[in-house]
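Asks: Here it is: the structure, laid out below.
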Amino acid sequence: MFAVHLLAFYFTKLKEDQIKKVDRFLYHMRLSDDVLLDVMTRFQAEMVKGLERDAHPTAAVKMLPTFVRSIPDGSENGDFLALDLGGSKFRVLKVKVSEGGKQNVQMESQFYPTPKEITHGNGTELFDYVADCLADFMETKNIKHKKFPLGFTFSFPCIQTKLDEGVLLSWTKYFKVRGVQETDVISSLCHALRKHKDVDVDVLALVNDTVGTMMTCGYDDQRCEVGVIIGTGTNACYMEEMSNIDLVEGDEGRMCINTEWGAFGDDGSLDDLRTEFDREIDLGSINPGKQLFEKMISGLYLGELVRLILLKMAKKGLLFSGKISTALRTKGKVETKHVAAMEKRKEGLQNTKEILMELGLTPSEEDCIAVQHVCTIVSFRSANLCAAALAAILTRLRENKKLIRLRTTVGMDGTLYKTHPQYPKRLHKVVRRLVPNCDVRFLLSESGSGKGAAMVTAVACRLVSQRKQIDEILASFELSEKNLIDVKNKMSEELEYGLKKETHATATVKMLPTYVCGTPDGTEKGKFLALDLGGTNFRVLLVKIRSGRRKSVRMYNKIFAIPLEIMQGTGEELFDHIVQCIADFLEYMGIKGARLPLGFTFSFPCRQASIDKGALVEWTKGFKATDCEGEDVVDMLREAIKRRNEFDLDIVAVVNDTVGTMMTCGYEDPNCEIGFIAGTGSNVCYMEEMKNIEIVEGTEGKMCINTEWGGFGDNGCIDSIRTKYDKEVDEGSLNPGKQRYEKMTSGMYLGEIVRQILIDLTKHGLLFRGRMSESLRTRGIFETKFLSHIESDRLALLQVRRILQQLGLDSTCDDSIIVKEVCGAVSKRAAQLCGAGLAAIVEKKRKNRNLEHLKITVGVDGTLYKLHPHFSGILRETVKEMAPQCDVTFMLSEDGSGKGAALITAVAKRLHNVGEN
């Protein structure tokens, strides 16, 4: 028993001694975590260089755009062909991808040899051989009668300007084909395929094998956004934000970047970590000075690294009693498969002995232990270096997403990773140690390079098909110049109909006289009350106007909510609520006993008989209070004040918010004679010549006309540009068939139009993986403010996704791009329609004055105009194009509905006093 223990102790001591001996000899290859974190930092810097336009030409890590913009979403289907060129064998595959509720991939493939005369020959011979193999495969499978989309996995660094084009930068591994570098490999392949008249394929995608790995794993796990290959060569790819890729136009969405990390260190940045053995390997390779990181890591070189180390140790008498065999001196005699065999847990030592004996050596037990440890150090260094570079990529992904913790999947492939018994475990462990804030799943790719090419092609086919369907849907929102001229001309006609006595009753644009007959002249002064009703909030204001050289307007206000039950209750309840709010405000300001002049901003269409009388034509914007339409709202307010019997007010004017906007801007700029609101609702007013207003007595001077243009088109005159989505929104509204123009242009409806489009796209499987969420079915969920947020140029797609997730919409990056496009199409059309309508107004003003050229200011208000990032710009551009003889300045109103009501009241008082005098 003692002898057994003694033997075990001796063997353990022997093993420890041999390990220490090797560790001392190879101490440069033992990399601490601090060194790996440093490598990680260096690689991050290289990534940034490779992505920047100016630094890219000299960057060692090329960070090549692949034009793969999307990972599989599970809806791909069809038959595809794939070619896989890059390893010791060339492969042709037929891949059938089926969806139908169950993701399924079936593959048939055939390997063809790649003899040295092909891998070291010329380009024409290489591509002719590839085409011949494809033709043979199609003949064998009896599929020459059918046209196929084809993806080409070409596992060498290429510069791509689109998915189906790639210029070879340089050969790697053992390929050295003449006349191919700096040429488009897809063009060469297509040229070779044309020689086979019976082969009908459409080459859609050039794919790096690493990208293929990511796409294959992405089909099974949609969290997969990194691909890594550790085989004959090594490389990684990942999904990068477009906004960070200087080399490619556009900043929407993401694109897969082929890092070509094998060249990391070619600029000397890893020289302090390279050993004499690495330098010897490099000098003896077919591409000295290149792919230095790959030469420290990949399967093509690990065996040779081990051989060089063993040779040197033997020469120093540290192994094999200093004896060296011919085989040990021969390049390539130790392969990576031998390294893997020697590192097996149980039979590793026995394998080591047998392999060394095959090399003509007579190893002792000590030699076998030492050699096994050499293999461990070499392969462990490989895993460590890979882990550091991968950790840099994962950190970049996490930082791009602005996450504290990243959850992601890495697709893995390559013979070294798959066949080495310890390699995966070592890699995973080190990665998790280097990036503790990343939860990483490693997913082994099943035939990544071949199946992946088919998946890229399948995704490309899906995206082409989806793009076509999306473009068709969004095309219905595009307005041609002819469409806009037509809208302008029809608006001009409706303006005239509304002003004429015989057509006014049937006109859709009501052209309501406001009895506001002047704009501010700067002499207005005093204290005024203003009420502002036009949405879910009601405001009461005290406005102090000072005249003279230091004219100014000071305002004090309080906001009160209008509950839905009041908005849609009885008229008496609504006006009693308004008076309660006024009482609260007067109490709050300590002016309950004062009888101040009051202007009432009432932002709904009213037919006025004087400035202080206004009969409500119809409710808009969600209001539905009964017993109000046809009634004078000033009388209803006076009656409610009497019922309360606490205070009395001098109601001087009932005002539309659009008129208030014009008056507010007119106070600052006498040239302002138009008011425009683009907010919850949409409307315009302007100063019209009295002689043109047939429905009002008198021909002298001007009067402000409240167009109530929201009803434009209620007679069907713009039905040719209304989409099915507009009709759905109209039918679901409180006033079907009315306010059609407003429903295409205002904030209350744009979000709902977007929601209807998203529902349609989802039903067609073009969004949210075809899954209809409850929130998407909910009317009003997509508020117009979300359009403004989503279309912001400063907003990354990740933030768009967060907005959609807040709405209960589980979106991918691709979904976010589509949603942003939809929002853009809807808001652009709204701005163009408003622009065409406004052009009709300014043209009318020009013709009224018989001017060749008109200079005028438009006062503007409304959340859509103020908050949407592009609405105002598109609107201004459209007015300029549609009314080229008018120089229009747009002036943003400062609280038109409140301040404007007070100014109208002040102007009315001034004009009244002038009349009396």
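Here's how to read the names in the structure tokens: chain A, B, ... by the order shown, residue numbers from 1 in each chain, ligand numbers from 1 in the order shown.
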Taking the chain letters and numbering used in this document, name the residues of range 196-443 of chain A that DSSP puts in alpha helix (DSSP H), as a PyMOL selection string.

Replies: chain A and resi 209-220+276-283+292-297+299-315+326-329+336-342+348-358+365-400+415-419+423-434

Asks: Can you tell me which residues surround Ala678 in chain A at a distance of at most 6 Å, considering only C-alpha atoms, apart from same-chain residues fewer than 6 positions away, and format the answer as an MDAnalysis selection string?

Replies: chainID A and resid 862 864:865

Asks: Please, could you write that set of residues out with all heavy atoms as a compact mmCIF listing (two decimals), in the first residue's frame?

Replies:
# COMPACT_ATOMS: atom_id res chain seq x y z
N GLY A 862 -48.87 75.56 -32.40
CA GLY A 862 -49.29 74.16 -32.45
C GLY A 862 -48.13 73.22 -32.19
O GLY A 862 -47.01 73.43 -32.65
N LEU A 864 -47.50 70.20 -33.18
CA LEU A 864 -46.95 69.46 -34.33
C LEU A 864 -45.89 70.32 -35.02
O LEU A 864 -44.79 69.85 -35.32
CB LEU A 864 -48.07 69.09 -35.31
CG LEU A 864 -47.68 68.21 -36.50
CD1 LEU A 864 -47.08 66.89 -36.04
CD2 LEU A 864 -48.92 67.93 -37.38
N TYR A 865 -46.22 71.60 -35.24
CA TYR A 865 -45.26 72.51 -35.88
C TYR A 865 -44.04 72.73 -35.00
O TYR A 865 -42.91 72.74 -35.46
CB TYR A 865 -45.93 73.84 -36.19
CG TYR A 865 -45.05 74.80 -36.96
CD1 TYR A 865 -45.05 74.82 -38.35
CD2 TYR A 865 -44.19 75.68 -36.30
CE1 TYR A 865 -44.23 75.69 -39.06
CE2 TYR A 865 -43.36 76.55 -36.98
CZ TYR A 865 -43.38 76.55 -38.38
OH TYR A 865 -42.55 77.39 -39.08

Asks: Would you mind listing what lies within 10 Å of Ser773 in chain A as a PDB file with all heavy atoms, in the first residue's frame, with only C-alpha atoms counted and same-chain residues fewer than 2 positions away left out?

Replies:
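Result file follows (out-v1.pdb):
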ATOM      1  N   ILE A 759     -50.614  48.048 -38.164  1.00  0.00           N
ATOM      2  CA  ILE A 759     -51.489  46.869 -38.099  1.00  0.00           C
ATOM      3  C   ILE A 759     -51.445  46.123 -39.432  1.00  0.00           C
ATOM      4  O   ILE A 759     -51.291  44.896 -39.469  1.00  0.00           O
ATOM      5  CB  ILE A 759     -52.942  47.290 -37.759  1.00  0.00           C
ATOM      6  CG1 ILE A 759     -53.053  47.682 -36.283  1.00  0.00           C
ATOM      7  CG2 ILE A 759     -53.936  46.170 -38.077  1.00  0.00           C
ATOM      8  CD1 ILE A 759     -54.385  48.308 -35.901  1.00  0.00           C
ATOM      9  N   THR A 762     -48.125  44.414 -39.951  1.00  0.00           N
ATOM     10  CA  THR A 762     -48.024  43.239 -39.072  1.00  0.00           C
ATOM     11  C   THR A 762     -48.840  42.082 -39.634  1.00  0.00           C
ATOM     12  O   THR A 762     -48.387  40.936 -39.638  1.00  0.00           O
ATOM     13  CB  THR A 762     -48.493  43.592 -37.645  1.00  0.00           C
ATOM     14  OG1 THR A 762     -47.750  44.728 -37.182  1.00  0.00           O
ATOM     15  CG2 THR A 762     -48.266  42.443 -36.682  1.00  0.00           C
ATOM     16  N   PHE A 768     -42.934  43.188 -36.562  1.00  0.00           N
ATOM     17  CA  PHE A 768     -43.138  42.504 -35.276  1.00  0.00           C
ATOM     18  C   PHE A 768     -43.332  40.996 -35.463  1.00  0.00           C
ATOM     19  O   PHE A 768     -44.126  40.371 -34.756  1.00  0.00           O
ATOM     20  CB  PHE A 768     -44.341  43.104 -34.529  1.00  0.00           C
ATOM     21  CG  PHE A 768     -44.306  44.604 -34.427  1.00  0.00           C
ATOM     22  CD1 PHE A 768     -45.419  45.374 -34.763  1.00  0.00           C
ATOM     23  CD2 PHE A 768     -43.149  45.259 -34.006  1.00  0.00           C
ATOM     24  CE1 PHE A 768     -45.377  46.757 -34.684  1.00  0.00           C
ATOM     25  CE2 PHE A 768     -43.113  46.637 -33.922  1.00  0.00           C
ATOM     26  CZ  PHE A 768     -44.223  47.388 -34.266  1.00  0.00           C
ATOM     27  N   GLY A 770     -44.959  39.434 -37.435  1.00  0.00           N
ATOM     28  CA  GLY A 770     -46.347  39.072 -37.723  1.00  0.00           C
ATOM     29  C   GLY A 770     -47.213  38.882 -36.493  1.00  0.00           C
ATOM     30  O   GLY A 770     -48.357  38.436 -36.609  1.00  0.00           O
ATOM     31  N   ARG A 771     -46.662  39.239 -35.307  1.00  0.00           N
ATOM     32  CA  ARG A 771     -47.432  39.031 -34.066  1.00  0.00           C
ATOM     33  C   ARG A 771     -48.173  40.305 -33.683  1.00  0.00           C
ATOM     34  O   ARG A 771     -47.552  41.336 -33.420  1.00  0.00           O
ATOM     35  CB  ARG A 771     -46.490  38.618 -32.930  1.00  0.00           C
ATOM     36  CG  ARG A 771     -45.833  37.258 -33.185  1.00  0.00           C
ATOM     37  CD  ARG A 771     -44.741  36.996 -32.162  1.00  0.00           C
ATOM     38  NE  ARG A 771     -43.873  35.921 -32.593  1.00  0.00           N
ATOM     39  CZ  ARG A 771     -42.614  35.771 -32.198  1.00  0.00           C
ATOM     40  NH1 ARG A 771     -42.092  36.615 -31.332  1.00  0.00           N
ATOM     41  NH2 ARG A 771     -41.883  34.770 -32.639  1.00  0.00           N
ATOM     42  N   SER A 775     -51.678  45.874 -27.488  1.00  0.00           N
ATOM     43  CA  SER A 775     -51.496  47.326 -27.500  1.00  0.00           C
ATOM     44  C   SER A 775     -51.666  47.890 -28.909  1.00  0.00           C
ATOM     45  O   SER A 775     -52.205  48.979 -29.079  1.00  0.00           O
ATOM     46  CB  SER A 775     -50.124  47.701 -26.942  1.00  0.00           C
ATOM     47  OG  SER A 775     -49.126  46.937 -27.543  1.00  0.00           O
ATOM     48  N   LEU A 776     -51.221  47.129 -29.928  1.00  0.00           N
ATOM     49  CA  LEU A 776     -51.365  47.608 -31.304  1.00  0.00           C
ATOM     50  C   LEU A 776     -52.839  47.672 -31.718  1.00  0.00           C
ATOM     51  O   LEU A 776     -53.221  48.452 -32.580  1.00  0.00           O
ATOM     52  CB  LEU A 776     -50.575  46.703 -32.266  1.00  0.00           C
ATOM     53  CG  LEU A 776     -50.294  47.260 -33.667  1.00  0.00           C
ATOM     54  CD1 LEU A 776     -49.593  48.611 -33.598  1.00  0.00           C
ATOM     55  CD2 LEU A 776     -49.474  46.278 -34.481  1.00  0.00           C
ATOM     56  N   ARG A 777     -53.645  46.856 -31.093  1.00  0.00           N
ATOM     57  CA  ARG A 777     -55.090  46.873 -31.384  1.00  0.00           C
ATOM     58  C   ARG A 777     -55.806  48.026 -30.668  1.00  0.00           C
ATOM     59  O   ARG A 777     -56.975  48.298 -30.949  1.00  0.00           O
ATOM     60  CB  ARG A 777     -55.750  45.557 -30.919  1.00  0.00           C
ATOM     61  CG  ARG A 777     -55.269  44.309 -31.624  1.00  0.00           C
ATOM     62  CD  ARG A 777     -56.026  43.095 -31.064  1.00  0.00           C
ATOM     63  NE  ARG A 777     -55.306  41.862 -31.275  1.00  0.00           N
ATOM     64  CZ  ARG A 777     -55.389  41.129 -32.386  1.00  0.00           C
ATOM     65  NH1 ARG A 777     -56.160  41.527 -33.367  1.00  0.00           N
ATOM     66  NH2 ARG A 777     -54.695  40.014 -32.500  1.00  0.00           N
ATOM     67  N   THR A 778     -55.102  48.692 -29.742  1.00  0.00           N
ATOM     68  CA  THR A 778     -55.747  49.713 -28.907  1.00  0.00           C
ATOM     69  C   THR A 778     -55.759  51.067 -29.595  1.00  0.00           C
ATOM     70  O   THR A 778     -54.703  51.631 -29.885  1.00  0.00           O
ATOM     71  CB  THR A 778     -55.006  49.836 -27.551  1.00  0.00           C
ATOM     72  OG1 THR A 778     -54.890  48.537 -26.965  1.00  0.00           O
ATOM     73  CG2 THR A 778     -55.741  50.756 -26.605  1.00  0.00           C
ATOM     74  N   LEU A 807     -44.727  50.975 -25.541  1.00  0.00           N
ATOM     75  CA  LEU A 807     -46.080  50.828 -26.084  1.00  0.00           C
ATOM     76  C   LEU A 807     -46.502  49.362 -26.154  1.00  0.00           C
ATOM     77  O   LEU A 807     -47.546  49.042 -26.716  1.00  0.00           O
ATOM     78  CB  LEU A 807     -46.139  51.440 -27.493  1.00  0.00           C
ATOM     79  CG  LEU A 807     -45.912  52.956 -27.574  1.00  0.00           C
ATOM     80  CD1 LEU A 807     -45.793  53.408 -29.007  1.00  0.00           C
ATOM     81  CD2 LEU A 807     -47.032  53.696 -26.884  1.00  0.00           C
ATOM     82  N   GLY A 808     -45.654  48.473 -25.623  1.00  0.00           N
ATOM     83  CA  GLY A 808     -45.978  47.041 -25.648  1.00  0.00           C
ATOM     84  C   GLY A 808     -45.688  46.395 -26.980  1.00  0.00           C
ATOM     85  O   GLY A 808     -46.209  45.321 -27.290  1.00  0.00           O
ATOM     86  N   LEU A 809     -44.857  47.047 -27.812  1.00  0.00           N
ATOM     87  CA  LEU A 809     -44.532  46.508 -29.132  1.00  0.00           C
ATOM     88  C   LEU A 809     -43.109  45.970 -29.095  1.00  0.00           C
ATOM     89  O   LEU A 809     -42.140  46.734 -29.032  1.00  0.00           O
ATOM     90  CB  LEU A 809     -44.678  47.599 -30.200  1.00  0.00           C
ATOM     91  CG  LEU A 809     -46.062  48.262 -30.269  1.00  0.00           C
ATOM     92  CD1 LEU A 809     -46.036  49.471 -31.181  1.00  0.00           C
ATOM     93  CD2 LEU A 809     -47.111  47.274 -30.736  1.00  0.00           C
ATOM     94  N   ASP A 810     -42.964  44.652 -29.118  1.00  0.00           N
ATOM     95  CA  ASP A 810     -41.656  43.997 -29.026  1.00  0.00           C
ATOM     96  C   ASP A 810     -41.008  44.037 -30.404  1.00  0.00           C
ATOM     97  O   ASP A 810     -41.311  43.232 -31.276  1.00  0.00           O
ATOM     98  CB  ASP A 810     -41.827  42.547 -28.542  1.00  0.00           C
ATOM     99  CG  ASP A 810     -40.480  41.874 -28.337  1.00  0.00           C
ATOM    100  OD1 ASP A 810     -39.474  42.600 -28.206  1.00  0.00           O
ATOM    101  OD2 ASP A 810     -40.429  40.631 -28.334  1.00  0.00           O
TER     102      ASP A 810
END

Asks: Nearest residue to Thr161 in chain A out of A:Thr66, A:Thr408, A:Thr58, A:Thr536, using only C-alpha atoms?

Replies: A:Thr66

Asks: Find the residues near Gln568 in chain A: any atom within 6 Å, counting only C-alpha atoms, skip ones fewer than 6 places away on the same chain, and give them as a ChimeraX atom specification.

Replies: /A:623-625

Asks: Put those residues in a file: N, CA and C atoms, as a compact mmCIF listing (two decimals), in the first residue's frame.

Replies:
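Below you can see again.txt, which holds the result:
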# COMPACT_ATOMS: atom_id res chain seq x y z
N PHE A 623 -64.55 66.63 -28.57
CA PHE A 623 -65.64 67.18 -27.76
C PHE A 623 -66.99 66.73 -28.33
N LYS A 624 -67.94 66.46 -27.43
CA LYS A 624 -69.25 66.00 -27.88
C LYS A 624 -70.37 66.46 -26.94
N ALA A 625 -70.15 67.58 -26.23
CA ALA A 625 -71.14 68.05 -25.25
C ALA A 625 -72.47 68.36 -25.95

Asks: For the strand (DSSP E or B) assignment from backbone DSSP, which residues of range 464-534 of chain A qualify? Please present them as a list in words.

Replies: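 Taking range 464-534 of chain A and keeping strand (DSSP E or B) gives Leu512, Pro513, Gly526, Lys527, Phe528, Leu529, Ala530, Leu531, Asp532 and Leu533 of chain A.
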
Asks: Please, could you write that set of residues out with all heavy atoms as a PDB file, in the first residue's frame?

Replies:
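Full text of out_19.pdb as output:
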ATOM      1  N   LEU A 512     -65.429  81.554 -41.980  1.00  0.00           N
ATOM      2  CA  LEU A 512     -66.274  82.212 -40.985  1.00  0.00           C
ATOM      3  C   LEU A 512     -65.741  83.605 -40.622  1.00  0.00           C
ATOM      4  O   LEU A 512     -64.591  83.735 -40.179  1.00  0.00           O
ATOM      5  CB  LEU A 512     -66.349  81.349 -39.725  1.00  0.00           C
ATOM      6  CG  LEU A 512     -66.861  79.914 -39.947  1.00  0.00           C
ATOM      7  CD1 LEU A 512     -66.732  79.111 -38.658  1.00  0.00           C
ATOM      8  CD2 LEU A 512     -68.307  79.916 -40.429  1.00  0.00           C
ATOM      9  N   PRO A 513     -66.561  84.633 -40.793  1.00  0.00           N
ATOM     10  CA  PRO A 513     -66.141  85.978 -40.361  1.00  0.00           C
ATOM     11  C   PRO A 513     -65.965  86.008 -38.848  1.00  0.00           C
ATOM     12  O   PRO A 513     -66.757  85.428 -38.108  1.00  0.00           O
ATOM     13  CB  PRO A 513     -67.325  86.866 -40.779  1.00  0.00           C
ATOM     14  CG  PRO A 513     -68.086  86.074 -41.796  1.00  0.00           C
ATOM     15  CD  PRO A 513     -67.902  84.635 -41.408  1.00  0.00           C
ATOM     16  N   GLY A 526     -53.830  97.924 -20.674  1.00  0.00           N
ATOM     17  CA  GLY A 526     -54.826  97.581 -19.673  1.00  0.00           C
ATOM     18  C   GLY A 526     -54.705  96.155 -19.189  1.00  0.00           C
ATOM     19  O   GLY A 526     -53.808  95.410 -19.586  1.00  0.00           O
ATOM     20  N   LYS A 527     -55.643  95.790 -18.281  1.00  0.00           N
ATOM     21  CA  LYS A 527     -55.703  94.412 -17.758  1.00  0.00           C
ATOM     22  C   LYS A 527     -56.889  93.714 -18.402  1.00  0.00           C
ATOM     23  O   LYS A 527     -57.989  94.277 -18.483  1.00  0.00           O
ATOM     24  CB  LYS A 527     -55.885  94.414 -16.242  1.00  0.00           C
ATOM     25  CG  LYS A 527     -54.696  94.904 -15.457  1.00  0.00           C
ATOM     26  CD  LYS A 527     -55.002  94.844 -13.964  1.00  0.00           C
ATOM     27  CE  LYS A 527     -53.854  95.413 -13.142  1.00  0.00           C
ATOM     28  NZ  LYS A 527     -54.172  95.391 -11.697  1.00  0.00           N
ATOM     29  N   PHE A 528     -56.644  92.436 -18.797  1.00  0.00           N
ATOM     30  CA  PHE A 528     -57.681  91.669 -19.475  1.00  0.00           C
ATOM     31  C   PHE A 528     -57.682  90.238 -18.940  1.00  0.00           C
ATOM     32  O   PHE A 528     -56.636  89.706 -18.574  1.00  0.00           O
ATOM     33  CB  PHE A 528     -57.440  91.629 -20.990  1.00  0.00           C
ATOM     34  CG  PHE A 528     -57.339  92.990 -21.608  1.00  0.00           C
ATOM     35  CD1 PHE A 528     -56.124  93.667 -21.664  1.00  0.00           C
ATOM     36  CD2 PHE A 528     -58.462  93.615 -22.128  1.00  0.00           C
ATOM     37  CE1 PHE A 528     -56.024  94.941 -22.217  1.00  0.00           C
ATOM     38  CE2 PHE A 528     -58.376  94.879 -22.692  1.00  0.00           C
ATOM     39  CZ  PHE A 528     -57.158  95.550 -22.734  1.00  0.00           C
ATOM     40  N   LEU A 529     -58.861  89.632 -18.942  1.00  0.00           N
ATOM     41  CA  LEU A 529     -58.955  88.203 -18.678  1.00  0.00           C
ATOM     42  C   LEU A 529     -59.039  87.482 -20.002  1.00  0.00           C
ATOM     43  O   LEU A 529     -59.613  87.998 -20.970  1.00  0.00           O
ATOM     44  CB  LEU A 529     -60.202  87.867 -17.850  1.00  0.00           C
ATOM     45  CG  LEU A 529     -60.119  87.996 -16.338  1.00  0.00           C
ATOM     46  CD1 LEU A 529     -61.454  87.622 -15.713  1.00  0.00           C
ATOM     47  CD2 LEU A 529     -59.017  87.107 -15.756  1.00  0.00           C
ATOM     48  N   ALA A 530     -58.490  86.293 -20.056  1.00  0.00           N
ATOM     49  CA  ALA A 530     -58.597  85.458 -21.265  1.00  0.00           C
ATOM     50  C   ALA A 530     -58.920  84.032 -20.848  1.00  0.00           C
ATOM     51  O   ALA A 530     -58.396  83.525 -19.841  1.00  0.00           O
ATOM     52  CB  ALA A 530     -57.293  85.496 -22.055  1.00  0.00           C
ATOM     53  N   LEU A 531     -59.796  83.402 -21.598  1.00  0.00           N
ATOM     54  CA  LEU A 531     -60.123  81.988 -21.415  1.00  0.00           C
ATOM     55  C   LEU A 531     -59.638  81.245 -22.646  1.00  0.00           C
ATOM     56  O   LEU A 531     -59.725  81.770 -23.757  1.00  0.00           O
ATOM     57  CB  LEU A 531     -61.634  81.787 -21.253  1.00  0.00           C
ATOM     58  CG  LEU A 531     -62.368  82.665 -20.240  1.00  0.00           C
ATOM     59  CD1 LEU A 531     -63.855  82.319 -20.226  1.00  0.00           C
ATOM     60  CD2 LEU A 531     -61.765  82.484 -18.849  1.00  0.00           C
ATOM     61  N   ASP A 532     -59.165  80.038 -22.463  1.00  0.00           N
ATOM     62  CA  ASP A 532     -58.631  79.259 -23.593  1.00  0.00           C
ATOM     63  C   ASP A 532     -59.170  77.840 -23.524  1.00  0.00           C
ATOM     64  O   ASP A 532     -58.749  77.045 -22.688  1.00  0.00           O
ATOM     65  CB  ASP A 532     -57.091  79.275 -23.532  1.00  0.00           C
ATOM     66  CG  ASP A 532     -56.444  78.401 -24.605  1.00  0.00           C
ATOM     67  OD1 ASP A 532     -57.144  78.014 -25.559  1.00  0.00           O
ATOM     68  OD2 ASP A 532     -55.232  78.115 -24.476  1.00  0.00           O
ATOM     69  N   LEU A 533     -60.127  77.530 -24.399  1.00  0.00           N
ATOM     70  CA  LEU A 533     -60.699  76.186 -24.464  1.00  0.00           C
ATOM     71  C   LEU A 533     -60.508  75.630 -25.867  1.00  0.00           C
ATOM     72  O   LEU A 533     -60.927  76.250 -26.847  1.00  0.00           O
ATOM     73  CB  LEU A 533     -62.201  76.215 -24.131  1.00  0.00           C
ATOM     74  CG  LEU A 533     -62.915  74.858 -24.195  1.00  0.00           C
ATOM     75  CD1 LEU A 533     -62.447  73.951 -23.049  1.00  0.00           C
ATOM     76  CD2 LEU A 533     -64.434  75.030 -24.132  1.00  0.00           C
TER      77      LEU A 533
END

Asks: Using only C-alpha atoms, determine which residues lie at most 8 Å from range 866-870 of chain A, disregarding the query and same-chain residues fewer than 6 positions distant; provide the list as a PyMOL selection string.

Replies: chain A and resi 785+787-789+791-793+828
